[in-house]
Amino acid sequence: MTRRQVLGIGGALGLMAATGLSSTAVLSRRPATTGAELRSAVPLPAAFTVPLPLPPVLEPVGADRYEITQRETVLEILPGIKTPLWTYNGTFPGPVIEARRGRPVTVTHHNQLPVPTVVHLHGGRTPPESDGYPTDLVLPDGWPDPRLGIVGMHGTHGMHMPTMSDPRAVVTRLTRDYTFPTDQRPAMLWYHDHRMDFTAPAIWRGLAGLHIIRDDAEDALGLPAGPRELPLAIMDRAFDGDGNLAYPALDPALRGQPGVRAPYLAGVLGDVILVNGAPWPVHEVDAARYRLRFLNASNARHYELEAVTDDGRRLDLVQVGADQGLLAGPVTHRSLPMAPAERYDVVVDFGSVPVGSRVTITNRLGSGRTRDVMAFRVARRAADDSRVPAVLSNDLPTWSRSDAVRVRDFSFRAGRMNDGHGWLIGGLPFDPARSDVTVGLGDVEVWRLVADVQHPVHLHLVGFRVLSRGGRPALPHDAGLKDTISLQPGESAEIITRFDGYRGRYLFHCHNAEHEDMGMMANLEIV
């Protein structure tokens with residue numbers, strides 16, 4: 001297994017140590033992504049030869065009740081090669097949960113994996129007991145009861161940090177019911193493992209799936225639907241010589257010491273781009289409009305997507321939705337940046353593309369094989385009665401600065417890598433027993449965020465609007481209601497939100513999964 005260093009904090013730390021450069025000097029180079037890339041040790045398929053799979057829709061076991069078993073399985077991701085995975089119900093990604101606005105959903109998770117798990121519905125307006133706090137573990141059979149202290153080591157370079165106690169942790173064994181009220185705008189959410197210190201390797205091994213909320217108003221818009229609506233979960237992975245997923249964990253069993261080996265402290269990148277679990281897939285389409293619902297489910301890799309025809313023409317990416325649902329009106333892009341955990345809902349019109357030709361989704365931030373994502377092959381002419389209305393929704397919040405009861409400042413920066421406190425918010429690593437931010441239920445606040453390297457910042461429970469970046473207006477791709485904002489190296493941004501819904505303990509954190517495992521989370525208490 002080899003690696004390729006991508007200039008980010010991994011490269012930046014080495015440059016600073018070797019040359020004495022200041023962080024400002026290094027970070028001004030604005031890397032395309034943050035992390036180090038693993039190289040696969042097995043033959044990889046040619047691009048656009050594997051059909052795009054569509055994740056199965058989970059059938060209810062009762063009225064708005066679902067069951068999911070977390071279990072190990074072996075699947076064929078690369079043609080002819082068997083790969084062990086941790087899965088939800090034996091599929092990768094997990095099954096899609098389809099929900100209707102205003103109808104609560106209960107999902108019972110059964111843990112048959114060898115380690116504890118936690119499930120977080122990313123983007124959900126969820127009561128704290130079902131939000132997936134990192135210490136609210138579901139223990140497997142035979143795992144010691146951790147109620148006397150939750151292990152939280154933030155270990156790096158083989159170092160173990162002291163045990164952290166969390167008296168508020170709610171721990172169950174084997175099974176847990178998660179209840180999602182679904183009292184929110186229609187949107188594509190996703191669920192994934194959120195176990196403290198081990199989120200990154202658990203997602204890497206397969207614990208992620210989609211959760212789509214719909215309502216009658218969205219259904220009536222006339223957007224492409226049925227087979228012309230495609231959920232597309234993009235992720236990168238690497239494979240060792242035996243076909244296993246390669247990951248540089250300090251403890252490959254994920255039972256004791258958390259963290260990754262030193263070259264990967266900035267984030268783990270793979271050299272294989274998967275969409276819905278398939279490498280560089282291809283999908284046959286009509287010459288018509290399609291609704292493409294993108295999720296960046298990668299641990300650390302950033303993308304800048306564009307749709308390119310065989311003759312080099314770039315098709316419009318007409319954005320109709322963001323993390324938290326529909327925009328007020330469509331926004332047209334030629335390329336669209338996506339940080340880990342961000343979702344973009346776009347319509348692409350293949351009507352002008354000749355039958356028999358291909359449209360490639362490429363990543364402008366990639367190089368070599370990571371520049372390709374997937375392709376669409378236009379197979380036939382067909383009737384198309386879909387449309388993209390000029391008005392998509394009229395229920396977006398209209399918070400203004402004058403509504404804010406306070407303004408807060410948060411820095412997202414590297415800490416001391418040699419003592420385990422790798423990534424910090426406001427100069428502090430995560431501690432589940434510490435109170436970081438307390439807000440009143442219903443309060444509107446403006447948060448000012450600043451980053452050293454790339455940090456996709458995610459708030460639990462609430463959506464927010466982006467007010468500004470670097471003192472300038474928000475960018476076109478910031479439109480709508482978001483729950484994750486991508487901060488570029490050295491960048492500052494302002495967001496505004498109302499903390500409503502539920503009282504209790506929540507989180508905000510970096511969604512570079514390696515960063516959050518190494519301390520870049522903070523508690524948010526709503527009172």
# chains A, B, ... in the order shown; residues from 1 in each chain; ligands from 1
>>> residues_around(residues="A:Arg387", least_positions_apart="4", cutoff="12 Å", atoms="only C-alpha atoms", output="PyMOL selection string")
chain A and resi 219-225+288-291+318+320+330+347-349+391-392
>>> residues_around(residues="A:Asp310", least_positions_apart="5", cutoff="8 Å", atoms="only C-alpha atoms", output="list in words")
Ser357, Arg358, Val359 and Thr360 of chain A
>>> write_last_selection(atoms="C-alpha atoms", output="PDB file, in the first residue's frame")
ATOM      1  CA  SER A 357     -22.972   9.695 -26.619  1.00  0.00           C
ATOM      2  CA  ARG A 358     -21.884  10.109 -23.035  1.00  0.00           C
ATOM      3  CA  VAL A 359     -21.947  12.766 -20.322  1.00  0.00           C
ATOM      4  CA  THR A 360     -19.207  12.447 -17.715  1.00  0.00           C
TER       5      THR A 360
END
>>> closest_residue(among="A:His110, A:Lys82, A:Arg103, A:Arg408", to="A:Pro140", atoms="only C-alpha atoms")
A:His110
>>> residues_around(residues="A:Pro252", least_positions_apart="3", cutoff="12 Å", atoms="only C-alpha atoms", output="VMD selection string")
chain A and resid 115 198 201 to 202 205 244 to 249 255 to 261
>>> write_last_selection(atoms="C-alpha atoms", output="mmCIF file, in the first residue's frame")
data_model
loop_
_atom_site.group_PDB
_atom_site.id
_atom_site.type_symbol
_atom_site.label_atom_id
_atom_site.label_comp_id
_atom_site.auth_asym_id
_atom_site.auth_seq_id
_atom_site.Cartn_x
_atom_site.Cartn_y
_atom_site.Cartn_z
ATOM 1 C CA VAL A 115 -17.911 -2.986 18.264
ATOM 2 C CA PHE A 198 -14.338 5.922 15.598
ATOM 3 C CA PRO A 201 -13.316 4.155 10.086
ATOM 4 C CA ALA A 202 -16.916 3.035 10.645
ATOM 5 C CA ARG A 205 -16.201 0.386 6.293
ATOM 6 C CA ASN A 244 -10.167 -5.460 1.801
ATOM 7 C CA LEU A 245 -10.860 -1.784 2.324
ATOM 8 C CA ALA A 246 -7.555 -0.203 3.251
ATOM 9 C CA TYR A 247 -7.626 2.247 6.169
ATOM 10 C CA PRO A 248 -4.647 3.437 8.267
ATOM 11 C CA ALA A 249 -6.219 2.866 11.709
ATOM 12 C CA ARG A 255 -11.819 -1.791 19.714
ATOM 13 C CA GLY A 256 -9.260 0.212 21.687
ATOM 14 C CA GLN A 257 -6.990 2.968 20.507
ATOM 15 C CA PRO A 258 -8.568 5.444 18.075
ATOM 16 C CA GLY A 259 -6.811 7.493 15.436
ATOM 17 C CA VAL A 260 -4.830 7.037 12.235
ATOM 18 C CA ARG A 261 -1.155 6.797 11.383
#
>>> closest_residue(among="A:Val437, A:Val453, A:Leu113, A:Ile273", to="A:Phe508", atoms="only C-alpha atoms")
A:Val437
>>> residues_around(residues="A:Asn363", least_positions_apart="6", cutoff="7 Å", atoms="only C-alpha atoms", output="PyMOL selection string")
chain A and resi 303-306+371-373
>>> atom_distance(atom1="atom CA of A:Pro432", atom2="atom CA of A:Asp517")
12.7 Å
>>> residues_around(residues="A:Ile361", least_positions_apart="5", cutoff="12 Å", atoms="only C-alpha atoms", output="ChimeraX atom specification")
/A:47-48,232,234,273,275,280-283,292,294,303-310,312-317,334-336,348,366,370-377
>>> select_by_dssp(residues="stretch 102-212 of chain A", states="alpha helix (DSSP H)", output="VMD selection string")
chain A and resid 199 to 205
>>> select_by_dssp(residues="stretch 35-202 of chain A", states="strand (DSSP E)", output="JSON, numbers by chain")
{"A": [35, 36, 37, 38, 39, 65, 66, 67, 68, 69, 70, 71, 72, 73, 74, 75, 76, 82, 83, 84, 85, 86, 87, 88, 97, 98, 99, 100, 105, 106, 107, 108, 109, 110, 111, 119, 120, 121, 122, 138, 139, 172, 173, 175, 176, 177, 178, 179, 180, 187, 188, 189, 190, 191, 192, 193]}
>>> residues_around(residues="A:Asp409", least_positions_apart="2", cutoff="8 Å", atoms="only C-alpha atoms", output="count of residues only")
5
>>> residues_around(residues="stretch 295-297 of chain A", least_positions_apart="5", cutoff="7 Å", atoms="only C-alpha atoms", output="VMD selection string")
chain A and resid 232 to 235 338 to 344
>>> closest_residue(among="A:Pro146, A:Ala217, A:Gly209, A:Asn111", to="A:Arg176", atoms="only C-alpha atoms")
A:Asn111
>>> closest_residue(among="A:Thr172, A:Ala278, A:Arg469, A:Ser386", to="A:Glu76", atoms="only C-alpha atoms")
A:Ala278
>>> atom_distance(atom1="atom CA of A:Gly463", atom2="atom CA of A:Val138")
27.2 Å
